[in-house]
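In what follows, a single structure is set out as structure tokens and then discussed.
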Amino acid sequence: MNIGEYTFGEFKRRAAEFHGYPAPGLLIGGYMVAMAKREMPEGTLFDVIVETGKCLPDAVQMLTLCSIGNNWMKINNLGRYALCMYDKFTGEGVRVWLDAAKLGPYREIHDWFLKRKAKRDQDSDRLFREIEEAGDTICSLEKIRIPGRFLGHKHMSGIDLCPSCGEAYPTVDGGICRGCQGEAQHVSLERRIAETSDPEMIAVPVEEAVGRTALHDMTRIAPGESKGAEFKAGQRITAGDVCRLQQMGRSNLYVEELADPGAEWVHEDEVAEAFARRMAGPGVEYDLPAHEGKINFRASCDGLLTVDRERLEAFNLVPDVMCATRQGDTVVQRGKNLAGTRAIPLYLSLRNLSKALAVLGEEPLFSVLPLRKARVGVLVTGTEVFQGLIEDKFIPVVTSKVHALGSEVVATDVAPDDRAAIADRVRGLLDKGVDLIVTTAGLSVDPDDVTRPALVDAGLEDFLYGAPVLPGAMTLVGRIRDVQVLGVPACALFYKTTSLDLLLPRLLAGRTVSRRDLARLAEGGFCLGCRTCTFPKCPFGR
């Protein structure tokens with residue numbers, strides 16, 4: 001059976017020239033590509049997405065104009081031997097795959113494809129005969145549509161020179177190239193030696209250090225009692241200090257008088273201060289000078305700590321530097337420490353300093369956003385509560401949490417499980433000037449729960465329903481014009497800590513909660529239900 005315009009033998013020879021050898025996967029791939037092309041209307045400009053990186057991409061490049069280089073072929077490595085060929089403008093096309101269910105008559109292909117035989121035990125001649133005989137009968141095809149977000153080609157972003165390696169790279173990748181962020185597949189032996197070397201330093205025996213100046217802080221550790229700097233950088237060593245230094249295990253010292261690291265090295269204190277100026281945003285303060293090459297940051301106001309997680313990770317990929325923070329999106333109090341940074345060695349290479357500063361860029365790494373004093377309206381839905389069959393406990397629960405964060409509940413209401421009635425109560429709260437509505441109950445899958453559609457009737461927009469948090473999976477976040485809306489599931493009545501405690505501070509800080517923000521709650525979003533709740537001093541939401 002021919003493969004496109006080629007006989008099987010001709011394609012096999014071309015495959016050997018193109019691929020290095022006539023791989024079975026490439027030969028079968030030829031039939032797959034030809035099968036897909038027959039389904040495409042004449043004159044269609046098409047793109048291809050291949051679901052494996054093995055052999056099949058070469059078949060596409062041999063039989064079409066699509067290649068990795070011109071970006072008309074993309075590899076989405078799902079590990080499946082399949083390809084999608086589609087109109088590059090409409091997304092309409094076909095998907096072809098090697099169908100294991102059709103391999104029964106072809107035992108050698110079956111054993112090759114499913115790895116039932118070691119390569120040395122395969123009968124290559126029989127395998128090639130079966131591939132030629134089977135042709136595309138061992139493949140399946142279905143009509144598909146590629147979603148619009150996958151269509152078209154991304155335009156090239158701006159190009160800059162990486163301040164670390166000096167090579168050109170797309171500026172969208174950050175302050176330095178992704179290779180220097182730790183994603184490179186290689187290790188440069190010359191650069192590795194440079195990055196792991198230290199400045200040439202001269203140490204003197206402690207007896208010879210008398211009258212000279214300590215170059216760095218020296219710590220004395222008393223196990224279980226204390227740990228602190230016994231000697232400070234810049235302190236002059238006296239004869240009486242020699243015994244103490246020896247008792248601390250110091251036989252040799254670095255002193256300022258003999259220190260000349262050179263222009264390519266920067267002292268740890270200077271490094272820490274340079275980092276602090278870049279890292280601290282609004283609501284964050286710190287003290288100078290640096291202490292032992294380290295600077296701690298604290299909140300200058302009560303509020304929500306925000307951390308740029310991606311840049312924090314990129315920064316910590318740079319050799320010989322570090323920054324640690326408290327968990328982002330948590331409420332912090334004025335005067336409390338929230339982060340710390342330092343250079344790890346006494347002297348940091350100018351190369352790594354430049355790399356670290358480039359990663360930090362000009363925007364703050366973390367900030368503390370003050371919580372506004374919101375005017376909160378609380379709406380409880382449920383016929384049983386409205387009719388007085390059960391006592392409402394939602395309003396007290398929500399009110400206590402709102403007050404704890406410095407806001408005020410200015411209006412409350414209870415509505416039956418009636419869509420029109422709930423929408424009317426929401427409008428009533430809006431008329432009272434609330435800027436945040438917290439609604440409870442009525443968010444489950446129960447067909448009588450109509451809170452969500454009622455909120456939509458009242459003007460709810462841009463809402464997200466459902467969060468990977470237990471308890472609190474049926475949470476809702478949205479807005480009605482400029483008024484924030486937070487829908488809290490019934491679990492808030494039974495559990496002390498729920499999604500309400502994770503999301504309410506973010507809304508009060510003016511944060512727009514995205515689907516990605518909710519997705520990130522998954523790790524740490526499982527409450528342990530401790531008998532004595534210690535939130536926020538626990539892993540929940542962290």
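Residues in the structure tokens are named by chain (A, B, ... in the order shown) and by number from 1 within that chain; ligands are numbered from 1 in the order shown.
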
Who sits within 6 Å of segment 460-467 of chain A, only C-alpha atoms, same chain under 3 positions skipped, as a list of chain:residue names: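 The filter keeps A:Leu455, A:Val456, A:Ala473, A:Met474, A:Thr475, A:Leu476, A:Val477, A:Gly478, A:Arg479, A:Ile480, A:Leu518.
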
With DSSP run on the backbone, what are the helix (DSSP H, G or I) residues within segment 273-366 of chain A? I'd like them as a ChimeraX atom specification. /A:273-279,309-316,350-360

As a list of chain:residue names, please: the residues near Asp308 of chain A (cut-off 10 Å, only C-alpha atoms, same-chain neighbours under 5 positions excluded). A:Glu313, A:Gly328, A:Leu360, A:Glu363, A:Pro364, A:Leu365, A:Phe366, A:Ser367

Mind pulling up the distance from atom CA of Asp287 of chain A to atom CA of Leu215 of chain A?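 Computed distance, atom CA of Leu215 of chain A to atom CA of Asp287 of chain A, equals 21.1 Å.
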
Please identify all polymer residues within 10 Å of Ala134 of chain A, counting only C-alpha atoms, omitting same-chain residues fewer than 6 positions from it, and present them as a VMD selection string. chain A and resid 1 28 31 102 to 103 105 to 106 109 128

Residues as selected, all heavy atoms, written as a CSV table (one decimal), in the first residue's frame, can you do that?
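Below is the file that was written, part.csv:
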```csv
chain,number,residue,atom,x,y,z
A,1,MET,N,0.9,-1.2,0.0
A,1,MET,CA,0.0,0.0,0.0
A,1,MET,C,0.9,1.2,0.0
A,1,MET,O,1.8,1.3,0.8
A,1,MET,CB,-0.9,0.0,1.2
A,1,MET,CG,-1.9,1.2,1.3
A,1,MET,SD,-3.0,1.1,2.7
A,1,MET,CE,-3.9,2.6,2.5
A,28,ILE,N,4.8,3.7,9.9
A,28,ILE,CA,3.4,3.8,10.2
A,28,ILE,C,2.9,5.2,10.3
A,28,ILE,O,1.8,5.5,9.8
A,28,ILE,CB,3.1,3.1,11.6
A,28,ILE,CG1,3.4,1.6,11.5
A,28,ILE,CG2,1.7,3.3,12.1
A,28,ILE,CD1,3.4,0.8,12.8
A,31,TYR,N,1.7,6.5,6.9
A,31,TYR,CA,0.3,6.1,6.6
A,31,TYR,C,-0.6,7.0,7.4
A,31,TYR,O,-1.7,7.4,6.9
A,31,TYR,CB,0.1,4.7,7.0
A,31,TYR,CG,0.7,3.7,6.1
A,31,TYR,CD1,1.6,2.8,6.5
A,31,TYR,CD2,0.2,3.6,4.7
A,31,TYR,CE1,2.2,1.8,5.6
A,31,TYR,CE2,0.8,2.7,3.8
A,31,TYR,CZ,1.8,1.8,4.3
A,31,TYR,OH,2.3,0.9,3.4
A,102,LYS,N,-7.0,-2.6,16.8
A,102,LYS,CA,-7.0,-3.1,15.4
A,102,LYS,C,-5.7,-3.9,15.1
A,102,LYS,O,-5.5,-4.3,13.9
A,102,LYS,CB,-7.1,-2.0,14.4
A,102,LYS,CG,-8.4,-1.2,14.5
A,102,LYS,CD,-8.5,-0.1,13.5
A,102,LYS,CE,-9.9,0.6,13.5
A,102,LYS,NZ,-10.0,1.7,12.5
A,103,LEU,N,-4.9,-4.2,16.1
A,103,LEU,CA,-3.6,-4.9,15.8
A,103,LEU,C,-3.6,-6.4,15.9
A,103,LEU,O,-2.6,-7.1,15.7
A,103,LEU,CB,-2.5,-4.4,16.8
A,103,LEU,CG,-2.2,-2.9,16.7
A,103,LEU,CD1,-1.1,-2.5,17.7
A,103,LEU,CD2,-1.7,-2.5,15.3
A,105,PRO,N,-4.6,-8.9,14.0
A,105,PRO,CA,-4.1,-9.8,12.9
A,105,PRO,C,-2.6,-9.6,12.6
A,105,PRO,O,-2.0,-10.3,11.9
A,105,PRO,CB,-4.9,-9.3,11.6
A,105,PRO,CG,-6.1,-8.6,12.2
A,105,PRO,CD,-5.6,-8.0,13.5
A,106,TYR,N,-2.0,-8.6,13.3
A,106,TYR,CA,-0.6,-8.2,13.0
A,106,TYR,C,0.2,-8.4,14.3
A,106,TYR,O,0.4,-7.4,15.0
A,106,TYR,CB,-0.5,-6.8,12.4
A,106,TYR,CG,-1.4,-6.6,11.2
A,106,TYR,CD1,-2.6,-6.0,11.3
A,106,TYR,CD2,-1.0,-7.1,10.0
A,106,TYR,CE1,-3.5,-5.8,10.2
A,106,TYR,CE2,-1.8,-7.0,8.8
A,106,TYR,CZ,-3.0,-6.3,9.0
A,106,TYR,OH,-3.8,-6.2,7.9
A,109,ILE,N,3.5,-6.3,14.7
A,109,ILE,CA,3.3,-4.9,15.0
A,109,ILE,C,2.8,-4.8,16.4
A,109,ILE,O,3.2,-3.9,17.2
A,109,ILE,CB,2.2,-4.3,14.0
A,109,ILE,CG1,2.8,-4.4,12.6
A,109,ILE,CG2,2.0,-2.8,14.4
A,109,ILE,CD1,1.8,-3.8,11.6
A,128,PHE,N,8.2,-5.3,9.0
A,128,PHE,CA,8.1,-4.4,7.8
A,128,PHE,C,7.0,-4.9,6.9
A,128,PHE,O,6.2,-4.1,6.3
A,128,PHE,CB,9.4,-4.2,7.0
A,128,PHE,CG,10.4,-3.4,7.8
A,128,PHE,CD1,11.7,-3.8,7.8
A,128,PHE,CD2,10.1,-2.2,8.4
A,128,PHE,CE1,12.7,-3.1,8.5
A,128,PHE,CE2,11.0,-1.5,9.1
A,128,PHE,CZ,12.3,-1.9,9.2
```

Neighbouring residues of segment 243-256 of chain A were defined as those with any atom within 8 Å, considering only C-alpha atoms; residues of the same chain fewer than 2 positions away were excluded. Please report them as JSON, numbers by chain. {"A": [201, 202, 203, 204, 205, 206, 209, 212, 213, 214, 215, 216, 220, 234, 240, 241, 258, 259]}

Please, what distance in Å, to one decimal, runs between atom CA of Arg542 of chain A and atom CA of Cys491 of chain A?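 Taking atom CA of Arg542 of chain A as the start and atom CA of Cys491 of chain A as the end point, the length is 19.6 Å.
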
Residues of segment 380-491 of chain A in strand (DSSP E or B) according to DSSP, as a ChimeraX atom specification? /A:380-381,408-415,436-440,460-465,470,476-480,483-488

Excluding Cys180 of chain A and residues on its chain fewer than 2 positions from it, collect all residues at most 12 Å away from it, counting only C-alpha atoms, and give them as a count of residues only. 37

So how far away is atom CA of Leu346 of chain A from atom CA of Arg278 of chain A, in Å?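 Pair atom CA of Arg278 of chain A / atom CA of Leu346 of chain A returns 20.4 Å.
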
Skipping near chain neighbours, those fewer than 6 positions away, what residues fall within 10 Å of segment 403-408 of chain A using only C-alpha atoms, listed as a PyMOL selection string? chain A and resi 302-303+331+371-377+434+504-505+508

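Counting only C-alpha atoms and comparing A:Gly104, A:Asp392, A:Thr439, A:Gly283, the residue that lies closest to Leu338 of chain A is A:Gly283.
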